[in-house]
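Asks: Structure file start_16.cif, mmCIF, C-alpha atoms and all ligand atoms, is pasted below:
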```cif
data_my_file
loop_
_atom_site.label_atom_id
_atom_site.label_comp_id
_atom_site.auth_asym_id
_atom_site.auth_seq_id
_atom_site.Cartn_x
_atom_site.Cartn_y
_atom_site.Cartn_z
CA MET A 14 -64.41 136.37 -130.29
CA GLY A 15 -64.23 134.82 -126.81
CA LYS A 16 -67.12 133.99 -124.55
CA VAL A 17 -66.33 136.81 -122.18
CA GLU A 18 -66.13 140.55 -122.64
CA VAL A 19 -64.85 142.88 -119.95
CA VAL A 20 -65.60 146.59 -119.69
CA ASN A 21 -63.91 148.59 -116.97
CA ARG A 22 -65.23 152.12 -116.49
CA THR A 23 -63.46 152.69 -113.20
CA LYS A 24 -59.98 153.75 -112.14
CA TYR A 25 -59.54 150.46 -110.26
CA ARG A 26 -57.84 147.28 -111.39
CA VAL A 27 -60.61 144.75 -111.74
CA LEU A 28 -60.82 141.04 -112.61
CA SER A 29 -59.00 140.01 -115.77
CA ARG A 30 -60.69 138.41 -118.75
CA ALA A 31 -58.79 135.16 -118.14
CA PHE A 32 -59.95 135.09 -114.52
CA LEU A 33 -63.57 135.76 -115.51
CA GLU A 34 -63.42 133.12 -118.23
CA ASN A 35 -62.23 130.53 -115.69
CA LEU A 36 -64.80 131.64 -113.14
CA LEU A 37 -67.63 131.48 -115.69
CA GLU A 38 -66.54 128.04 -116.82
CA PHE A 39 -66.36 126.84 -113.20
CA VAL A 40 -69.84 128.13 -112.28
CA LEU A 41 -71.40 126.66 -115.43
CA ARG A 42 -69.76 123.30 -114.75
CA GLU A 43 -70.92 123.27 -111.12
CA GLU A 44 -74.43 124.39 -112.04
CA LYS A 45 -74.56 121.99 -114.99
CA LYS A 46 -75.59 124.78 -117.37
CA GLU A 47 -74.47 126.09 -120.73
CA VAL A 48 -74.73 129.56 -122.19
CA GLN A 49 -75.46 130.46 -125.79
CA GLY A 50 -73.53 133.56 -126.70
CA ARG A 51 -71.27 135.94 -124.84
CA VAL A 52 -71.30 137.24 -121.29
CA VAL A 53 -70.38 140.88 -120.67
CA PHE A 54 -68.88 141.88 -117.34
CA ALA A 55 -68.99 145.64 -116.77
CA PHE A 56 -67.30 147.31 -113.82
CA LEU A 57 -68.83 150.67 -112.97
CA ASP A 58 -68.35 153.57 -110.61
CA GLU A 59 -71.12 154.79 -108.29
CA GLU A 60 -72.51 157.39 -110.69
CA SER A 61 -73.05 154.96 -113.56
CA MET A 62 -74.53 152.36 -111.26
CA ARG A 63 -76.97 154.93 -109.86
CA GLU A 64 -77.92 155.82 -113.43
CA VAL A 65 -78.55 152.15 -114.32
CA LYS A 66 -80.69 151.70 -111.20
CA ARG A 67 -82.65 154.85 -112.02
CA ARG A 68 -83.26 153.95 -115.66
CA PHE A 69 -84.03 150.28 -115.39
CA PHE A 70 -85.35 149.82 -111.86
CA ASN A 71 -86.76 153.25 -111.17
CA VAL A 72 -84.95 153.64 -107.86
CA ASP A 73 -82.47 156.25 -106.74
CA GLU A 74 -79.77 154.11 -105.16
CA VAL A 75 -76.40 152.53 -105.84
CA GLY A 76 -76.48 148.74 -106.07
CA ASP A 77 -73.55 146.36 -105.78
CA VAL A 78 -74.46 144.12 -108.72
CA VAL A 79 -77.12 144.06 -111.43
CA SER A 80 -77.61 141.53 -114.20
CA PHE A 81 -79.49 141.57 -117.48
CA PHE A 82 -80.55 138.49 -119.36
CA TYR A 83 -80.74 138.96 -123.12
CA GLY A 84 -81.50 135.44 -124.29
CA GLU A 85 -80.04 132.69 -126.33
CA ASP A 86 -79.02 134.40 -129.54
CA PRO A 87 -75.78 132.54 -130.43
CA ASP A 88 -74.23 135.57 -132.11
CA GLY A 89 -75.15 138.05 -129.46
CA VAL A 90 -74.79 138.76 -125.81
CA TRP A 91 -76.43 136.13 -123.61
CA GLY A 92 -76.22 138.15 -120.46
CA GLU A 93 -74.61 141.15 -118.84
CA ILE A 94 -73.39 141.62 -115.29
CA LEU A 95 -72.73 145.10 -113.93
CA VAL A 96 -70.68 145.43 -110.77
CA CYS A 97 -70.16 148.62 -108.78
CA VAL A 98 -66.49 148.65 -107.80
CA PRO A 99 -66.52 151.39 -105.07
CA VAL A 100 -69.35 149.54 -103.28
CA ALA A 101 -67.42 146.27 -103.57
CA LEU A 102 -64.33 148.03 -102.22
CA GLU A 103 -66.22 149.19 -99.14
CA THR A 104 -67.71 145.74 -98.49
CA SER A 105 -64.34 144.09 -98.99
CA SER A 106 -62.64 146.34 -96.45
CA ASN A 107 -65.50 145.82 -93.96
CA ARG A 108 -65.15 142.08 -94.38
CA GLY A 109 -61.36 142.18 -94.40
CA VAL A 110 -61.07 140.37 -97.72
CA PRO A 111 -59.24 141.45 -100.91
CA LEU A 112 -61.25 143.49 -103.45
CA SER A 113 -60.77 140.71 -106.02
CA GLU A 114 -62.54 138.24 -103.73
CA GLU A 115 -65.54 140.54 -103.21
CA LEU A 116 -65.71 141.21 -106.97
CA ALA A 117 -65.66 137.47 -107.66
CA PHE A 118 -68.46 136.96 -105.14
CA LEU A 119 -70.60 139.65 -106.81
CA VAL A 120 -69.90 138.26 -110.27
CA ILE A 121 -71.00 134.80 -109.09
CA HIS A 122 -74.14 136.32 -107.57
CA GLY A 123 -74.96 138.05 -110.86
CA LEU A 124 -74.32 134.84 -112.77
CA LEU A 125 -76.64 132.88 -110.50
CA HIS A 126 -79.39 135.39 -111.30
CA LEU A 127 -78.78 134.87 -115.02
CA LEU A 128 -78.98 131.12 -114.46
CA GLY A 129 -82.44 131.46 -112.97
CA TYR A 130 -81.87 132.01 -109.24
CA ASP A 131 -84.12 134.49 -107.49
CA ASP A 132 -83.69 136.21 -104.14
CA SER A 133 -86.99 138.01 -103.59
CA THR A 134 -87.89 136.18 -100.37
CA PRO A 135 -85.60 136.02 -97.32
CA GLN A 136 -85.42 132.24 -97.73
CA GLU A 137 -84.39 132.47 -101.38
CA HIS A 138 -81.92 135.20 -100.50
CA LYS A 139 -80.29 133.01 -97.86
CA GLN A 140 -80.11 130.07 -100.27
CA MET A 141 -78.59 132.20 -103.00
CA MET A 142 -75.97 133.71 -100.68
CA GLU A 143 -75.00 130.25 -99.47
CA ARG A 144 -74.74 128.91 -103.01
CA GLY A 145 -72.62 131.92 -104.01
CA GLU A 146 -70.29 131.44 -101.07
CA ALA A 147 -69.96 127.71 -101.74
CA LEU A 148 -69.13 128.38 -105.40
CA LEU A 149 -66.54 131.01 -104.44
CA ARG A 150 -64.86 128.61 -101.98
CA GLY A 151 -64.94 125.85 -104.59
CA TYR A 152 -63.42 128.11 -107.20
CA GLN A 153 -60.64 129.28 -104.85
CA ARG A 154 -59.91 125.68 -103.93
CA GLU A 155 -59.65 124.66 -107.58
CA ARG A 156 -57.26 127.55 -108.30
CA MET A 157 -55.17 126.58 -105.29
CA TYR A 158 -55.03 122.98 -106.53
CA GLN A 159 -53.92 124.12 -109.98
CA GLU A 160 -51.16 126.30 -108.48
CA LEU A 161 -49.94 123.39 -106.38
CA LEU A 162 -49.92 121.05 -109.40
CA LYS A 163 -47.91 123.62 -111.35
CA LYS A 164 -45.31 123.71 -108.57
CA ALA A 165 -45.18 119.92 -108.49
CA ALA A 166 -44.62 119.88 -112.26
CA LYS A 167 -41.75 122.37 -111.87
CA ALA A 168 -40.11 120.17 -109.24
CA GLN A 169 -40.63 117.13 -111.47
CA ALA A 170 -38.16 118.66 -113.94
CA PHE A 171 -35.41 118.11 -111.33
CA ALA A 172 -36.19 114.44 -110.80
CA TYR A 173 -33.09 112.26 -110.60
CA ALA A 174 -34.39 109.01 -112.03
CA PRO A 175 -31.76 107.39 -114.28
CA TYR A 176 -32.84 103.86 -113.27
CA SER A 177 -36.62 103.98 -113.60
CA SER A 178 -36.98 106.98 -115.94
CA PHE A 179 -40.12 107.66 -113.88
CA HIS A 180 -39.98 111.35 -113.07
CA VAL A 181 -42.01 112.48 -110.09
CA GLY A 182 -42.59 115.94 -108.60
CA ALA A 183 -44.45 116.84 -105.42
CA ALA A 184 -45.61 120.09 -103.82
CA LEU A 185 -46.72 120.12 -100.21
CA LEU A 186 -48.85 123.02 -98.96
CA ALA A 187 -48.42 123.87 -95.28
CA ARG A 188 -51.26 125.46 -93.29
CA ASP A 189 -49.21 128.64 -92.97
CA GLY A 190 -49.23 129.00 -96.78
CA ARG A 191 -45.68 127.84 -97.47
CA VAL A 192 -45.17 125.32 -100.26
CA PHE A 193 -42.36 122.76 -100.13
CA THR A 194 -41.45 120.89 -103.29
CA GLY A 195 -39.61 117.65 -103.92
CA CYS A 196 -38.61 115.24 -106.67
CA ASN A 197 -37.57 111.60 -106.58
CA VAL A 198 -33.89 110.97 -105.90
CA GLU A 199 -32.78 107.55 -107.07
CA ASN A 200 -29.66 105.63 -106.22
CA ALA A 201 -27.58 102.83 -107.76
CA SER A 202 -28.42 100.96 -104.58
CA PHE A 203 -32.14 100.94 -105.36
CA GLY A 204 -33.40 100.76 -101.79
CA VAL A 205 -31.78 104.09 -101.00
CA THR A 206 -34.13 105.86 -103.43
CA LEU A 207 -36.29 108.67 -102.04
CA CYS A 208 -39.77 109.41 -103.35
CA ALA A 209 -40.69 112.97 -104.30
CA GLU A 210 -43.29 113.14 -101.51
CA ARG A 211 -40.85 112.31 -98.74
CA VAL A 212 -38.28 114.73 -100.09
CA ALA A 213 -40.91 117.50 -99.91
CA LEU A 214 -42.00 116.35 -96.46
CA GLY A 215 -38.41 116.29 -95.17
CA LYS A 216 -37.82 119.81 -96.46
CA ALA A 217 -41.01 121.01 -94.78
CA ILE A 218 -40.34 119.41 -91.41
CA SER A 219 -36.75 120.67 -91.39
CA GLU A 220 -38.07 124.20 -91.84
CA GLY A 221 -40.52 124.02 -88.96
CA ALA A 222 -43.79 123.21 -90.77
CA ARG A 223 -45.91 120.59 -89.02
CA GLU A 224 -49.43 121.04 -90.39
CA PHE A 225 -50.39 120.48 -93.99
CA GLU A 226 -53.38 121.10 -96.18
CA ALA A 227 -52.60 119.34 -99.42
CA ILE A 228 -49.95 117.61 -101.48
CA ALA A 229 -49.86 117.54 -105.26
CA ILE A 230 -48.02 114.78 -107.09
CA VAL A 231 -47.18 114.78 -110.78
CA ALA A 232 -45.48 112.00 -112.75
CA ASN A 233 -44.89 111.11 -116.36
CA GLY A 234 -47.54 109.10 -118.12
CA THR A 235 -51.29 109.28 -118.34
CA SER A 236 -52.17 107.52 -115.09
CA PHE A 237 -52.62 109.46 -111.89
CA CYS A 238 -49.67 109.17 -109.54
CA PHE A 239 -50.78 108.27 -106.01
CA PRO A 240 -48.22 108.15 -103.21
CA CYS A 241 -46.72 104.76 -102.42
CA GLY A 242 -47.52 103.05 -99.12
CA VAL A 243 -44.38 104.29 -97.40
CA CYS A 244 -45.16 107.92 -98.36
CA ARG A 245 -48.77 107.55 -97.18
CA GLN A 246 -47.48 106.42 -93.81
CA ALA A 247 -44.89 109.22 -93.72
CA LEU A 248 -47.53 111.87 -94.44
CA ALA A 249 -50.05 110.32 -92.03
CA GLU A 250 -47.67 111.15 -89.19
CA PHE A 251 -48.79 114.76 -89.68
CA GLY A 252 -52.53 114.27 -90.02
CA LEU A 253 -55.06 112.38 -92.10
CA ASP A 254 -56.88 115.49 -93.33
CA ILE A 255 -54.24 116.19 -95.98
CA GLU A 256 -55.82 116.31 -99.44
CA VAL A 257 -53.83 114.24 -101.93
CA LEU A 258 -53.89 115.50 -105.52
CA ALA A 259 -52.76 112.68 -107.78
CA GLY A 260 -51.81 114.22 -111.12
CA ASN A 261 -50.61 113.05 -114.49
CA GLN A 262 -48.43 114.63 -117.17
CA SER A 263 -51.29 116.48 -118.86
CA GLY A 264 -52.35 118.45 -115.80
CA ALA A 265 -55.38 116.26 -115.01
CA TYR A 266 -55.77 115.15 -111.39
CA VAL A 267 -57.99 113.41 -108.87
CA VAL A 268 -58.34 114.37 -105.20
CA GLN A 269 -58.63 112.03 -102.23
CA SER A 270 -57.92 112.60 -98.58
CA LEU A 271 -55.08 110.74 -96.91
CA ARG A 272 -57.74 109.32 -94.57
CA GLU A 273 -59.27 107.54 -97.58
CA LEU A 274 -55.89 106.44 -98.90
CA LEU A 275 -54.64 104.96 -95.64
CA PRO A 276 -57.46 103.33 -93.69
CA HIS A 277 -56.75 101.63 -90.36
CA THR A 278 -53.69 103.83 -89.99
CA PHE A 279 -51.01 102.58 -87.66
CA THR A 280 -50.50 104.75 -84.62
CA PHE A 281 -48.03 104.25 -81.83
CA ALA A 282 -50.24 103.07 -79.00
CA LYS A 283 -48.65 103.92 -75.68
CA GLU A 284 -49.47 101.82 -72.62
N1 LIG A 301 -41.83 107.44 -106.85
C1 LIG A 301 -42.11 108.64 -106.26
O1 LIG A 301 -41.26 109.54 -106.23
N2 LIG A 301 -43.35 108.85 -105.77
C2 LIG A 301 -44.39 107.98 -105.88
O2 LIG A 301 -45.49 108.27 -105.40
C3 LIG A 301 -44.20 106.70 -106.56
C4 LIG A 301 -42.78 106.35 -106.88
C5 LIG A 301 -40.51 107.24 -107.48
C6 LIG A 301 -39.56 106.37 -106.75
C7 LIG A 301 -38.69 105.87 -107.87
O3 LIG A 301 -37.67 106.83 -108.11
C8 LIG A 301 -39.58 105.85 -109.10
O4 LIG A 301 -40.69 106.65 -108.75
C9 LIG A 301 -40.04 104.46 -109.49
O5 LIG A 301 -40.58 103.78 -108.43
#
```
Can the structure from this file be put into structure tokens for me?
Ligand code: THU
Replies:
Amino acid sequence: MGKVEVVNRTKYRVLSRAFLENLLEFVLREEKKEVQGRVVFAFLDEESMREVKRRFFNVDEVGDVVSFFYGEDPDGVWGEILVCVPVALETSSNRGVPLSEELAFLVIHGLLHLLGYDDSTPQEHKQMMERGEALLRGYQRERMYQELLKKAAKAQAFAYAPYSSFHVGAALLARDGRVFTGCNVENASFGVTLCAERVALGKAISEGAREFEAIAIVANGTSFCFPCGVCRQALAEFGLDIEVLAGNQSGAYVVQSLRELLPHTFTFAKE
């Protein structure tokens, strides 16, 4: 049996088991904690949540999230997180975010409680909310990176590299959400060769994109593929805040900003 169990008692589509497994793994990694046993995520309607609050907390109200810690029995349930979906739906529409994002935030909040966080004082509450938000942003960023790496790997399959046999794929994420991919295009006259990064950049610029968030690069082999000097300079033209994800064939990657990769950047100083 897996580490995560999901119970959905509502009519809504909630977070999938795979999503919750990834989220749990991410939070545990960031918090440097381990759990013994399974974690149950239950999604409830207002009635059941009111019943839980009445039975276990002796209050007549509907909460957004409640967690129960059962302990470290390796065969049993380590902890349980109950989320009220209609309440999450209302908060999400007030905040203008998707329901899935609000549910993820509540799940993280419940997990933090299980990991020992408390929010009884206003100060603790503030700290816990901030930690929850930071973890959510971190998780979303990691998912975005993984998506971008997947797109780079797809583009890598089109690499034209009969001379070097070094197959490179790149995926460039524009600020408007568009992703432009590229692969290396070699030539019998070696100097004519284009790197994957500049192919992606050329496609992006020719379609009107000018601002970029990140670029993922994937190549064959176990070492991480960083952009060559020419590509660093080409990308720097459009801002040094671009995050560079240097990946390898097994999906592992490291992240560095272009600012770090190209110090003392040349700029065209006008008189
Ligand atoms: N190459 C890229 O496409 N991107 C890089 O970041 C490094 C190098 C290509 C160019 C050439 O086709 C092959 O890899 C070997 O240099």
Asks: Can you work out which one of A:Val212, A:Leu125, A:Ile255, A:Ala55 has the shortest atom-to-atom distance to A:Phe225, counting all atoms listed in the file?
Replies: A:Ile255
Asks: What residues of the protein or nucleic acid chains come within 6 Å of ligand LIG 301 (chain A) when you use only C-alpha atoms and all ligand atoms? Reply as a PDB file with C-alpha atoms, in the frame of the given file.
Replies:
```
ATOM      1  CA  ALA A 174     -34.390 109.010-112.030  1.00  0.00           C
ATOM      2  CA  SER A 177     -36.620 103.980-113.600  1.00  0.00           C
ATOM      3  CA  PHE A 179     -40.120 107.660-113.880  1.00  0.00           C
ATOM      4  CA  VAL A 181     -42.010 112.480-110.090  1.00  0.00           C
ATOM      5  CA  ASN A 197     -37.570 111.600-106.580  1.00  0.00           C
ATOM      6  CA  GLU A 199     -32.780 107.550-107.070  1.00  0.00           C
ATOM      7  CA  THR A 206     -34.130 105.860-103.430  1.00  0.00           C
ATOM      8  CA  CYS A 208     -39.770 109.410-103.350  1.00  0.00           C
ATOM      9  CA  ALA A 209     -40.690 112.970-104.300  1.00  0.00           C
ATOM     10  CA  CYS A 238     -49.670 109.170-109.540  1.00  0.00           C
ATOM     11  CA  PHE A 239     -50.780 108.270-106.010  1.00  0.00           C
ATOM     12  CA  PRO A 240     -48.220 108.150-103.210  1.00  0.00           C
ATOM     13  CA  CYS A 241     -46.720 104.760-102.420  1.00  0.00           C
TER      14      CYS A 241
END
```
Asks: Name the residues in contact with stretch 23-29 of chain A at a cut-off of 8 Å, using all atoms listed in the file, excluding same-chain residues fewer than 5 positions from it; report them as a short mmCIF file (atom, residue, chain, number, x, y, z; two decimals) with C-alpha atoms, in the coordinates of the input.
Replies:
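Output below, filename selection-v4.cif:
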```cif
data_model
loop_
_atom_site.label_atom_id
_atom_site.label_comp_id
_atom_site.auth_asym_id
_atom_site.auth_seq_id
_atom_site.Cartn_x
_atom_site.Cartn_y
_atom_site.Cartn_z
CA PHE A 56 -67.30 147.31 -113.82
CA LEU A 57 -68.83 150.67 -112.97
CA ASP A 58 -68.35 153.57 -110.61
CA VAL A 98 -66.49 148.65 -107.80
CA SER A 113 -60.77 140.71 -106.02
CA LEU A 116 -65.71 141.21 -106.97
CA ALA A 117 -65.66 137.47 -107.66
#
```
Asks: Need the axis-aligned box for stretch 179-197 of chain A with 4 Å each side, so what are the centre and edges in Å to one decimal, as JSON?
Replies:
```
{"center_x": -44.4, "center_y": 118.3, "center_z": -103.4, "size_x": 21.7, "size_y": 29.3, "size_z": 28.9}
```
Asks: Place a sphere of radius 12 Å on (-51.7, 122.2, -105.0) in the file coordinates and name every protein, DNA or RNA residue with an atom inside or on its surface, counting all atoms listed in the file; give the answer as a PyMOL selection string.
Replies: chain A and resi 153-166+182-187+190-194+225-231+255-260+264+266-268
Asks: Here is a test: counting all atoms listed in the file, which residue of A:Ser80, A:Glu59, A:Leu127, A:Leu33 is nearest to A:Glu47?
Replies: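 So, comparing all the options, the nearest one is A:Leu127.
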Asks: Which distance in Å separates atom CA of A:Ser133 and atom CA of A:Val72, to one decimal?
Replies: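 Computing the Euclidean distance for atom CA of A:Ser133 and atom CA of A:Val72 yields 16.3 Å.
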Asks: Could you list, as a PDB file with C-alpha atoms, in the frame of the given file, every residue within 10 Å of stretch 81-84 of chain A, counting all atoms listed in the file and ignoring same-chain residues fewer than 3 positions away?
Replies:
```
ATOM      1  CA  VAL A  48     -74.730 129.560-122.190  1.00  0.00           C
ATOM      2  CA  GLN A  49     -75.460 130.460-125.790  1.00  0.00           C
ATOM      3  CA  GLY A  50     -73.530 133.560-126.700  1.00  0.00           C
ATOM      4  CA  VAL A  52     -71.300 137.240-121.290  1.00  0.00           C
ATOM      5  CA  VAL A  53     -70.380 140.880-120.670  1.00  0.00           C
ATOM      6  CA  PRO A  87     -75.780 132.540-130.430  1.00  0.00           C
ATOM      7  CA  GLY A  89     -75.150 138.050-129.460  1.00  0.00           C
ATOM      8  CA  VAL A  90     -74.790 138.760-125.810  1.00  0.00           C
ATOM      9  CA  TRP A  91     -76.430 136.130-123.610  1.00  0.00           C
ATOM     10  CA  GLY A  92     -76.220 138.150-120.460  1.00  0.00           C
ATOM     11  CA  GLU A  93     -74.610 141.150-118.840  1.00  0.00           C
ATOM     12  CA  ILE A  94     -73.390 141.620-115.290  1.00  0.00           C
ATOM     13  CA  LEU A  95     -72.730 145.100-113.930  1.00  0.00           C
ATOM     14  CA  GLY A 123     -74.960 138.050-110.860  1.00  0.00           C
ATOM     15  CA  LEU A 124     -74.320 134.840-112.770  1.00  0.00           C
ATOM     16  CA  HIS A 126     -79.390 135.390-111.300  1.00  0.00           C
ATOM     17  CA  LEU A 127     -78.780 134.870-115.020  1.00  0.00           C
ATOM     18  CA  LEU A 128     -78.980 131.120-114.460  1.00  0.00           C
ATOM     19  CA  GLY A 129     -82.440 131.460-112.970  1.00  0.00           C
TER      20      GLY A 129
END
```
Asks: Taking only C-alpha atoms into account, which of A:Val198, A:Val205, A:Ala247, A:Leu214 comes nearest A:Ala170?
Replies: A:Val198
Asks: Kindly output stretch 43-65 of chain A as a PDB file, in the frame of the given file, after building N, CA, C and O atoms.
Replies:
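The new file rebuild14.pdb reads:
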```pdb
ATOM      1  N   GLU A  43     -70.308 123.635-112.402  1.00  0.00           N
ATOM      2  CA  GLU A  43     -70.920 123.270-111.120  1.00  0.00           C
ATOM      3  C   GLU A  43     -72.445 123.294-111.181  1.00  0.00           C
ATOM      4  O   GLU A  43     -73.113 122.507-110.529  1.00  0.00           O
ATOM      5  N   GLU A  44     -72.973 124.245-111.944  1.00  0.00           N
ATOM      6  CA  GLU A  44     -74.430 124.390-112.040  1.00  0.00           C
ATOM      7  C   GLU A  44     -75.032 123.534-113.155  1.00  0.00           C
ATOM      8  O   GLU A  44     -76.243 123.537-113.361  1.00  0.00           O
ATOM      9  N   LYS A  45     -74.157 122.845-113.871  1.00  0.00           N
ATOM     10  CA  LYS A  45     -74.560 121.990-114.990  1.00  0.00           C
ATOM     11  C   LYS A  45     -75.409 122.755-115.999  1.00  0.00           C
ATOM     12  O   LYS A  45     -76.502 122.328-116.391  1.00  0.00           O
ATOM     13  N   LYS A  46     -74.879 123.918-116.412  1.00  0.00           N
ATOM     14  CA  LYS A  46     -75.590 124.780-117.370  1.00  0.00           C
ATOM     15  C   LYS A  46     -74.650 125.159-118.504  1.00  0.00           C
ATOM     16  O   LYS A  46     -73.426 125.088-118.374  1.00  0.00           O
ATOM     17  N   GLU A  47     -75.264 125.575-119.607  1.00  0.00           N
ATOM     18  CA  GLU A  47     -74.470 126.090-120.730  1.00  0.00           C
ATOM     19  C   GLU A  47     -75.026 127.439-121.115  1.00  0.00           C
ATOM     20  O   GLU A  47     -76.200 127.706-120.891  1.00  0.00           O
ATOM     21  N   VAL A  48     -74.187 128.294-121.701  1.00  0.00           N
ATOM     22  CA  VAL A  48     -74.730 129.560-122.190  1.00  0.00           C
ATOM     23  C   VAL A  48     -74.547 129.643-123.695  1.00  0.00           C
ATOM     24  O   VAL A  48     -73.573 129.143-124.249  1.00  0.00           O
ATOM     25  N   GLN A  49     -75.529 130.235-124.344  1.00  0.00           N
ATOM     26  CA  GLN A  49     -75.460 130.460-125.790  1.00  0.00           C
ATOM     27  C   GLN A  49     -75.092 131.929-125.962  1.00  0.00           C
ATOM     28  O   GLN A  49     -75.894 132.788-125.631  1.00  0.00           O
ATOM     29  N   GLY A  50     -73.916 132.174-126.484  1.00  0.00           N
ATOM     30  CA  GLY A  50     -73.530 133.560-126.700  1.00  0.00           C
ATOM     31  C   GLY A  50     -72.525 134.045-125.656  1.00  0.00           C
ATOM     32  O   GLY A  50     -71.979 133.271-124.888  1.00  0.00           O
ATOM     33  N   ARG A  51     -72.312 135.353-125.683  1.00  0.00           N
ATOM     34  CA  ARG A  51     -71.270 135.940-124.840  1.00  0.00           C
ATOM     35  C   ARG A  51     -71.833 136.477-123.522  1.00  0.00           C
ATOM     36  O   ARG A  51     -73.012 136.781-123.417  1.00  0.00           O
ATOM     37  N   VAL A  52     -70.928 136.613-122.555  1.00  0.00           N
ATOM     38  CA  VAL A  52     -71.300 137.240-121.290  1.00  0.00           C
ATOM     39  C   VAL A  52     -70.447 138.500-121.140  1.00  0.00           C
ATOM     40  O   VAL A  52     -69.229 138.450-121.313  1.00  0.00           O
ATOM     41  N   VAL A  53     -71.101 139.622-120.859  1.00  0.00           N
ATOM     42  CA  VAL A  53     -70.380 140.880-120.670  1.00  0.00           C
ATOM     43  C   VAL A  53     -70.292 141.188-119.186  1.00  0.00           C
ATOM     44  O   VAL A  53     -71.299 141.143-118.471  1.00  0.00           O
ATOM     45  N   PHE A  54     -69.088 141.468-118.728  1.00  0.00           N
ATOM     46  CA  PHE A  54     -68.880 141.880-117.340  1.00  0.00           C
ATOM     47  C   PHE A  54     -68.482 143.351-117.367  1.00  0.00           C
ATOM     48  O   PHE A  54     -67.436 143.697-117.933  1.00  0.00           O
ATOM     49  N   ALA A  55     -69.312 144.210-116.781  1.00  0.00           N
ATOM     50  CA  ALA A  55     -68.990 145.640-116.770  1.00  0.00           C
ATOM     51  C   ALA A  55     -68.755 146.097-115.343  1.00  0.00           C
ATOM     52  O   ALA A  55     -69.552 145.811-114.444  1.00  0.00           O
ATOM     53  N   PHE A  56     -67.639 146.794-115.139  1.00  0.00           N
ATOM     54  CA  PHE A  56     -67.300 147.310-113.820  1.00  0.00           C
ATOM     55  C   PHE A  56     -67.520 148.817-113.828  1.00  0.00           C
ATOM     56  O   PHE A  56     -66.927 149.533-114.649  1.00  0.00           O
ATOM     57  N   LEU A  57     -68.385 149.273-112.937  1.00  0.00           N
ATOM     58  CA  LEU A  57     -68.830 150.670-112.970  1.00  0.00           C
ATOM     59  C   LEU A  57     -68.470 151.420-111.705  1.00  0.00           C
ATOM     60  O   LEU A  57     -68.241 150.822-110.645  1.00  0.00           O
ATOM     61  N   ASP A  58     -68.474 152.751-111.811  1.00  0.00           N
ATOM     62  CA  ASP A  58     -68.350 153.570-110.610  1.00  0.00           C
ATOM     63  C   ASP A  58     -69.755 153.854-110.057  1.00  0.00           C
ATOM     64  O   ASP A  58     -70.755 153.416-110.640  1.00  0.00           O
ATOM     65  N   GLU A  59     -69.826 154.599-108.956  1.00  0.00           N
ATOM     66  CA  GLU A  59     -71.120 154.790-108.290  1.00  0.00           C
ATOM     67  C   GLU A  59     -72.124 155.550-109.156  1.00  0.00           C
ATOM     68  O   GLU A  59     -73.301 155.219-109.196  1.00  0.00           O
ATOM     69  N   GLU A  60     -71.620 156.563-109.857  1.00  0.00           N
ATOM     70  CA  GLU A  60     -72.510 157.390-110.690  1.00  0.00           C
ATOM     71  C   GLU A  60     -73.218 156.571-111.754  1.00  0.00           C
ATOM     72  O   GLU A  60     -74.437 156.642-111.906  1.00  0.00           O
ATOM     73  N   SER A  61     -72.441 155.760-112.485  1.00  0.00           N
ATOM     74  CA  SER A  61     -73.050 154.960-113.560  1.00  0.00           C
ATOM     75  C   SER A  61     -73.999 153.922-113.003  1.00  0.00           C
ATOM     76  O   SER A  61     -75.029 153.616-113.605  1.00  0.00           O
ATOM     77  N   MET A  62     -73.646 153.359-111.854  1.00  0.00           N
ATOM     78  CA  MET A  62     -74.530 152.360-111.260  1.00  0.00           C
ATOM     79  C   MET A  62     -75.851 153.005-110.829  1.00  0.00           C
ATOM     80  O   MET A  62     -76.930 152.440-111.038  1.00  0.00           O
ATOM     81  N   ARG A  63     -75.760 154.199-110.269  1.00  0.00           N
ATOM     82  CA  ARG A  63     -76.970 154.930-109.860  1.00  0.00           C
ATOM     83  C   ARG A  63     -77.863 155.191-111.076  1.00  0.00           C
ATOM     84  O   ARG A  63     -79.086 155.030-111.033  1.00  0.00           O
ATOM     85  N   GLU A  64     -77.205 155.541-112.192  1.00  0.00           N
ATOM     86  CA  GLU A  64     -77.920 155.820-113.430  1.00  0.00           C
ATOM     87  C   GLU A  64     -78.640 154.558-113.947  1.00  0.00           C
ATOM     88  O   GLU A  64     -79.800 154.620-114.366  1.00  0.00           O
ATOM     89  N   VAL A  65     -77.952 153.422-113.892  1.00  0.00           N
ATOM     90  CA  VAL A  65     -78.550 152.150-114.320  1.00  0.00           C
ATOM     91  C   VAL A  65     -79.768 151.824-113.455  1.00  0.00           C
ATOM     92  O   VAL A  65     -80.835 151.457-113.958  1.00  0.00           O
TER      93      VAL A  65
END
```
